[in-house]
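Student: Please see the structure below; I have some questions.
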Amino acid sequence: MMELLTAAQMRAIEQAAIESGEVTGLELMERAGTGVVEAIFEEWPELEMVGQEGGAAPDPADPPRGILGKMKALVLCGPGNNGGDGFVVARLLRARGCEVEVFFFGEAASLPADARVNFDRWSEIGTVKPLQDDVFDGWPDETSGVHIVIDALFGTGLARPFLQCRHLSRRMNSCSELARTRDLFPRVVAVDIPSGLCADSGAWLGDDQPLDFAGLANLTVTFHSLKPGHFLADGPASCGKVVCTDIGLTAPSKLGSLSRNALIEMYNDNRPGRHIVSLVGGGGEPHLSAKQGPHKFSHGHALVLSGGHGRTGAARLAARGALRIGAGLVTLGSPRSAMFENAAQLTAIMLHQIDGAHGVSELLEDKRFNALCLGPGLGRGMDTQAVVIAALKARRATVLDADALTRFERDPQVLFDLLHEDCVLTPHGGEFAILFPDLAANLAARPQTGPAYSKVDATREAAARAGCVVLFKGADTVIADPTGRCSVNSAQYERAAPWLATAGAGDVLAGFITGLLARGLSPMAAAEVGAWLHVECARQYGPGLISEDLPEQLPAVLNRLEQGARRTGL
């Protein structure tokens, strides 16, 4: 999995590299600027052709040309090292024959040393104009001849709202929207992160309507590592496409590396991995080993509890998901009132009558049941709480979703006292707010300072409080365990699957995780792999998806994984 480093972690790694003599700050800044320029021409190769002589007359739909037919760039530089990166970008674009106009927000005397060097280098070959929102004369639009707007105002270190250039931000917002929806120039490129967006949380600092007024990007070029804020909250809607460019630093996952040692020192912890957020599947598709073992019981026996008459569909969806993902056997536990209803629609899934908590306890005397799923369609009556308590006392790997969570609304601590380390909670936003109202309130508050409280922070705190794995659902699903280990499963950017927002999809996810627990995966691994496969199944089917379709995509997705594992020799 790919590491998502916070702003503080990146600073520690960069500083350690500089102090070791391995690299200088100026070299890192030059590499960053080079990466931005390369990413621009990789994303829009047609810009390389702007201004070349000869050929046919320009097509009106082609990118506009600046003065003398050159590609024209507007570079907005801020008062920190992000602005220093911007001055490098301006110089390198000019060296490639581009017409470049630079605006600077700040005072040159206050620039950090490396940024000041690059300010001076640019000043030797070009002009630096002051960026004052009320008199700014560089407004880009589709008729100005500007191809690219570089946002190098504020980067990952911003700790306060950036609202001083509101008119400029709104124009950048308009430009990025027109580029996205009508393929018009100019395009907006953010250096590291759009200015004002918190790199740790994906929240816009101090902004109530950021997606309408903030400076959104079409392309964001970040360095060394992607950041949590690229995937959380408003990050994906704000960054456009995100490209990560190598600036020559080592990965914290590499044992003995300078970066790893920097984080060990930062946290005073020899296992820094628990402090680093990972992107599920970010380093390639997760490997799910093929079934091995002589008998169906070698692959576990999952029990899914159904609700009463008229409330059975959710449990059947979960059961189908558990069976498709590889559980050796799946039994649906049904109350007497729903036996005929369930029996009419089940074949490979077994059916067993269970009435109340006593029935659950009695059935679980069979130790071959090694994974449970409670909640989908279970109902919120008094008996639900008793059933959940009885199941948790059996100490099996257990997924709790939907009604199994919300039934404890009056006193969530009753549930927390019963949970154990082999449990997985899978709340969506509303259910999370019921179980963890204080954490949900912190997350909903509009931040005024950075780093802002994030979904990662909330999920980590929830997992520590519950004493088990918590999977906080959403397009930016966050998964955490009580030790602080945390990952993000993103259904955004190239993995976007908006059709996954359909009734019953969460029930299938609960079944996926239950089936993986039955197969012997750890709770954290089952949650990560289950969530990743859930999105892949949605992408496999495409628009028009309904929840019943999800389990039926698993054979194709798992076959692709198996073929990939064979190619890589895993």
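Here's how to read the names in the structure tokens: chain A, B, ... by the order shown, residue numbers from 1 in each chain, ligand numbers from 1 in the order shown.
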Listing only residues of segment 206-250 of chain A within 12 Å of segment 260-279 of chain A, what is the closest atom pair and its distance in Å (to one decimal) for each, using only C-alpha atoms, sorted by chain and residue number ascending, as JSON lines?
Tutor:
```
{"residue": "A:Ser225", "atom": "CA", "partner": "A:Ser278", "partner_atom": "CA", "distance": 10.7}
{"residue": "A:Leu226", "atom": "CA", "partner": "A:Leu279", "partner_atom": "CA", "distance": 9.2}
{"residue": "A:Lys227", "atom": "CA", "partner": "A:Val277", "partner_atom": "CA", "distance": 8.9}
{"residue": "A:Pro228", "atom": "CA", "partner": "A:Val277", "partner_atom": "CA", "distance": 7.3}
{"residue": "A:Gly229", "atom": "CA", "partner": "A:Val277", "partner_atom": "CA", "distance": 11.1}
{"residue": "A:His230", "atom": "CA", "partner": "A:Leu279", "partner_atom": "CA", "distance": 10.9}
{"residue": "A:Phe231", "atom": "CA", "partner": "A:Leu279", "partner_atom": "CA", "distance": 9.0}
{"residue": "A:Leu232", "atom": "CA", "partner": "A:Leu279", "partner_atom": "CA", "distance": 11.2}
{"residue": "A:Leu249", "atom": "CA", "partner": "A:Arg260", "partner_atom": "CA", "distance": 10.8}
{"residue": "A:Thr250", "atom": "CA", "partner": "A:Arg260", "partner_atom": "CA", "distance": 8.2}
```
Student: Could you write out that same residue set with C-alpha atoms as a tab-separated table (two decimals), in the first residue's frame?
Tutor:
```tsv
chain	number	residue	atom	x	y	z
A	225	SER	CA	4.27	11.19	-1.37
A	226	LEU	CA	0.57	11.76	-1.79
A	227	LYS	CA	-1.06	13.45	1.20
A	228	PRO	CA	-4.19	12.45	3.14
A	229	GLY	CA	-5.88	15.69	2.09
A	230	HIS	CA	-5.73	14.64	-1.55
A	231	PHE	CA	-8.22	11.85	-0.72
A	232	LEU	CA	-10.30	13.10	2.22
A	249	LEU	CA	13.82	11.08	-0.88
A	250	THR	CA	13.66	7.57	0.60
```
Student: What parts of segment 19-217 of chain A does DSSP call strand (DSSP E or B)? I'd like the answer as a PyMOL selection string.
Tutor: chain A and resi 72-77+99-104+128-130+148-152+187-191+197+204
Student: Which residues of segment 179-232 of chain A sit at most 12 Å from segment 147-157 of chain A, using only C-alpha atoms? Give each one's shortest atom pair and distance in Å (one decimal place), in chain and ascending residue order, as CSV.
Tutor:
```
residue,atom,partner,partner_atom,distance
A:Ala179,CA,A:His147,CA,10.4
A:Asp183,CA,A:His147,CA,11.7
A:Leu184,CA,A:His147,CA,9.1
A:Phe185,CA,A:His147,CA,5.4
A:Pro186,CA,A:His147,CA,4.2
A:Arg187,CA,A:Ile148,CA,4.9
A:Val188,CA,A:Val149,CA,4.8
A:Val189,CA,A:Ile150,CA,4.9
A:Ala190,CA,A:Asp151,CA,4.6
A:Val191,CA,A:Ala152,CA,5.3
A:Asp192,CA,A:Gly155,CA,5.9
A:Ile193,CA,A:Gly155,CA,5.6
A:Pro194,CA,A:Asp151,CA,6.9
A:Ser195,CA,A:Phe154,CA,4.8
A:Gly196,CA,A:Phe154,CA,6.8
A:Leu197,CA,A:Thr156,CA,8.1
A:Cys198,CA,A:Thr156,CA,6.8
A:Ala199,CA,A:Thr156,CA,5.3
A:Asp200,CA,A:Thr156,CA,8.1
A:Ser201,CA,A:Thr156,CA,10.8
A:Gly202,CA,A:Thr156,CA,10.8
A:Ala214,CA,A:Asp151,CA,11.8
A:Gly215,CA,A:Asp151,CA,8.3
A:Leu216,CA,A:Asp151,CA,9.4
A:Ala217,CA,A:Asp151,CA,8.3
A:Asn218,CA,A:Val149,CA,10.0
A:Leu219,CA,A:Ile150,CA,9.7
A:Thr220,CA,A:Asp151,CA,9.2
A:Val221,CA,A:Asp151,CA,10.4
A:Thr222,CA,A:Gly155,CA,9.6
A:Phe223,CA,A:Thr156,CA,10.6
A:Ser225,CA,A:Thr156,CA,11.9
A:Leu226,CA,A:Thr156,CA,11.1
A:Lys227,CA,A:Thr156,CA,8.8
A:Pro228,CA,A:Thr156,CA,10.8
A:Gly229,CA,A:Thr156,CA,9.3
A:His230,CA,A:Thr156,CA,10.8
```
Student: Counting only C-alpha atoms, give me one row per residue of segment 394-486 of chain A with an atom at most 12 Å from an atom of segment 160-167 of chain A, showing the shortest contact pair and its distance in Å to one decimal, sorted by chain then residue number, as a Markdown table.
Tutor:
```
| residue | atom | partner | partner_atom | distance |
| --- | --- | --- | --- | --- |
| A:Arg446 | CA | A:Pro161 | CA | 10.8 |
| A:Pro447 | CA | A:Pro161 | CA | 8.7 |
| A:Gln448 | CA | A:Pro161 | CA | 6.3 |
| A:Thr449 | CA | A:Arg160 | CA | 4.8 |
| A:Gly450 | CA | A:Arg160 | CA | 6.1 |
| A:Pro451 | CA | A:Arg160 | CA | 8.9 |
| A:Ala452 | CA | A:Arg160 | CA | 9.8 |
```
Student: Filtering to N, CA, C and O atoms, could you give me those residues as a short mmCIF file (atom, residue, chain, number, x, y, z; two decimals), in the first residue's frame?
Tutor:
```cif
data_model
loop_
_atom_site.label_atom_id
_atom_site.label_comp_id
_atom_site.auth_asym_id
_atom_site.auth_seq_id
_atom_site.Cartn_x
_atom_site.Cartn_y
_atom_site.Cartn_z
N ARG A 446 -16.35 23.69 10.89
CA ARG A 446 -15.51 24.30 9.87
C ARG A 446 -14.21 24.75 10.50
O ARG A 446 -14.19 25.60 11.38
N PRO A 447 -13.07 24.20 10.12
CA PRO A 447 -11.80 24.51 10.78
C PRO A 447 -11.30 25.92 10.46
O PRO A 447 -11.45 26.41 9.34
N GLN A 448 -10.70 26.55 11.46
CA GLN A 448 -10.12 27.87 11.28
C GLN A 448 -8.59 27.83 11.29
O GLN A 448 -7.95 28.80 10.88
N THR A 449 -8.02 26.75 11.77
CA THR A 449 -6.57 26.60 11.80
C THR A 449 -6.21 25.20 11.31
O THR A 449 -7.04 24.27 11.35
N GLY A 450 -4.98 25.06 10.87
CA GLY A 450 -4.52 23.76 10.40
C GLY A 450 -3.35 23.27 11.23
O GLY A 450 -2.69 24.05 11.90
N PRO A 451 -3.07 21.96 11.24
CA PRO A 451 -3.83 20.95 10.50
C PRO A 451 -5.20 20.72 11.11
O PRO A 451 -5.34 20.64 12.33
N ALA A 452 -6.21 20.62 10.26
CA ALA A 452 -7.58 20.49 10.72
C ALA A 452 -7.89 19.06 11.15
O ALA A 452 -7.24 18.11 10.70
#
```
Student: For each of A:Thr514, A:Ser176, A:Gln209, A:Gln413, take the minimum atom-to-atom distance to Lys241 of chain A, counting only C-alpha atoms, then give the residue where this is smallest.
Tutor: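 Checking each candidate against Lys241 of chain A, we get A:Ser176 as the closest.
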Student: Looking only at helix (DSSP H, G or I) from DSSP on the backbone, list the matching residues of segment 309-522 of chain A as number ranges by chain.
Tutor: A: 313-324, 336-343, 356-363, 382-393, 403-406, 412-418, 429-435, 437-444, 455-466, 493-495, 498-500, 505-518
Student: With C-alpha atoms retained, write the just-selected residues as a short mmCIF file (atom, residue, chain, number, x, y, z; two decimals), in the first residue's frame.
Tutor:
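Output file selection-v2.cif is given in full below:
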```cif
data_model
loop_
_atom_site.label_atom_id
_atom_site.label_comp_id
_atom_site.auth_asym_id
_atom_site.auth_seq_id
_atom_site.Cartn_x
_atom_site.Cartn_y
_atom_site.Cartn_z
CA GLY A 313 -33.32 -8.63 2.00
CA ALA A 314 -30.37 -6.90 3.64
CA ALA A 315 -29.23 -10.06 5.41
CA ARG A 316 -29.48 -12.10 2.22
CA LEU A 317 -27.33 -9.53 0.42
CA ALA A 318 -24.70 -9.83 3.16
CA ALA A 319 -24.87 -13.61 3.07
CA ARG A 320 -24.45 -13.69 -0.71
CA GLY A 321 -21.43 -11.40 -0.39
CA ALA A 322 -19.84 -13.63 2.24
CA LEU A 323 -20.34 -16.75 0.11
CA ARG A 324 -19.07 -15.17 -3.11
CA ARG A 336 -39.55 -18.17 12.57
CA SER A 337 -41.65 -15.37 11.04
CA ALA A 338 -39.26 -15.04 8.08
CA MET A 339 -38.34 -18.66 7.40
CA PHE A 340 -40.57 -19.12 4.34
CA GLU A 341 -39.60 -15.69 2.99
CA ASN A 342 -35.91 -16.53 3.18
CA ALA A 343 -36.23 -20.15 2.07
CA GLY A 356 -33.93 -14.43 20.02
CA ALA A 357 -30.72 -14.27 22.01
CA HIS A 358 -31.10 -17.78 23.42
CA GLY A 359 -31.25 -19.20 19.91
CA VAL A 360 -28.05 -17.35 18.97
CA SER A 361 -26.20 -18.65 22.03
CA GLU A 362 -27.41 -22.17 21.38
CA LEU A 363 -26.35 -22.19 17.72
CA MET A 382 -35.40 -4.68 22.27
CA ASP A 383 -34.51 -8.17 21.06
CA THR A 384 -31.82 -6.77 18.72
CA GLN A 385 -29.73 -5.54 21.64
CA ALA A 386 -30.05 -8.90 23.39
CA VAL A 387 -29.07 -10.75 20.19
CA VAL A 388 -25.99 -8.55 19.71
CA ILE A 389 -24.93 -9.05 23.31
CA ALA A 390 -25.31 -12.83 23.02
CA ALA A 391 -23.31 -12.91 19.78
CA LEU A 392 -20.49 -10.80 21.19
CA LYS A 393 -20.23 -12.98 24.28
CA ASP A 403 -29.20 -1.75 13.32
CA ALA A 404 -26.61 -3.60 15.42
CA LEU A 405 -24.94 -0.19 15.88
CA THR A 406 -27.86 2.21 16.08
CA PRO A 412 -22.94 3.42 23.11
CA GLN A 413 -20.64 2.53 26.00
CA VAL A 414 -22.75 -0.58 26.60
CA LEU A 415 -21.68 -1.76 23.15
CA PHE A 416 -18.06 -0.69 23.58
CA ASP A 417 -17.78 -2.68 26.81
CA LEU A 418 -18.78 -5.84 24.93
CA GLY A 429 -21.75 9.01 8.61
CA GLY A 430 -25.11 8.94 10.39
CA GLU A 431 -24.32 5.78 12.33
CA PHE A 432 -20.90 7.14 13.24
CA ALA A 433 -22.56 10.24 14.69
CA ILE A 434 -24.85 8.06 16.82
CA LEU A 435 -21.98 6.05 18.31
CA PRO A 437 -21.32 12.14 18.61
CA ASP A 438 -18.40 14.18 19.94
CA LEU A 439 -16.05 12.98 17.21
CA ALA A 440 -18.67 13.60 14.52
CA ALA A 441 -19.20 17.14 15.85
CA ASN A 442 -15.45 17.83 15.69
CA LEU A 443 -15.39 16.56 12.13
CA ALA A 444 -18.38 18.65 11.05
CA LYS A 455 -11.75 11.77 9.12
CA VAL A 456 -8.51 9.91 9.86
CA ASP A 457 -8.35 11.51 13.33
CA ALA A 458 -12.00 10.69 14.01
CA THR A 459 -11.70 7.06 12.89
CA ARG A 460 -8.52 6.48 14.86
CA GLU A 461 -10.15 7.87 18.01
CA ALA A 462 -13.27 5.79 17.39
CA ALA A 463 -11.22 2.59 17.01
CA ALA A 464 -9.33 3.32 20.22
CA ARG A 465 -12.57 3.97 22.09
CA ALA A 466 -14.34 0.89 20.72
CA TYR A 493 -10.24 9.96 -9.10
CA GLU A 494 -9.68 7.02 -11.47
CA ARG A 495 -11.48 4.68 -9.00
CA PRO A 498 -20.70 7.01 -7.86
CA TRP A 499 -23.20 4.29 -8.77
CA LEU A 500 -22.05 2.52 -5.58
CA ALA A 505 -24.44 -1.74 -1.05
CA GLY A 506 -23.33 -1.41 2.58
CA ASP A 507 -24.96 -4.73 3.42
CA VAL A 508 -22.91 -6.42 0.70
CA LEU A 509 -19.76 -4.80 2.11
CA ALA A 510 -20.57 -6.19 5.55
CA GLY A 511 -20.91 -9.61 3.94
CA PHE A 512 -17.62 -9.28 2.10
CA ILE A 513 -15.78 -8.50 5.33
CA THR A 514 -17.55 -11.34 7.15
CA GLY A 515 -16.56 -13.81 4.45
CA LEU A 516 -12.94 -12.70 4.62
CA LEU A 517 -12.96 -13.05 8.40
CA ALA A 518 -14.31 -16.58 7.96
#
```
Student: So that I can see what lies close to segment 468-478 of chain A, please list as a list in words the residues with an atom at most 6 Å from it, counting only C-alpha atoms and leaving out residues fewer than 3 positions away in the same chain.
Tutor: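 The contact residues come out as Leu232, Glu421, Cys423, Val424, Leu425, Thr426, Pro427, His428, Ala463, Asp481, Pro482, Ser487, Val488, Asn489, Ser490 and Ala491 of chain A.
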Student: Pick from A:Thr181, A:Ala531, A:Asp234, A:Gly83: nearest to Trp204 of chain A, with only C-alpha atoms counted?
Tutor: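 Smallest separation from Trp204 of chain A among the options: A:Asp234.
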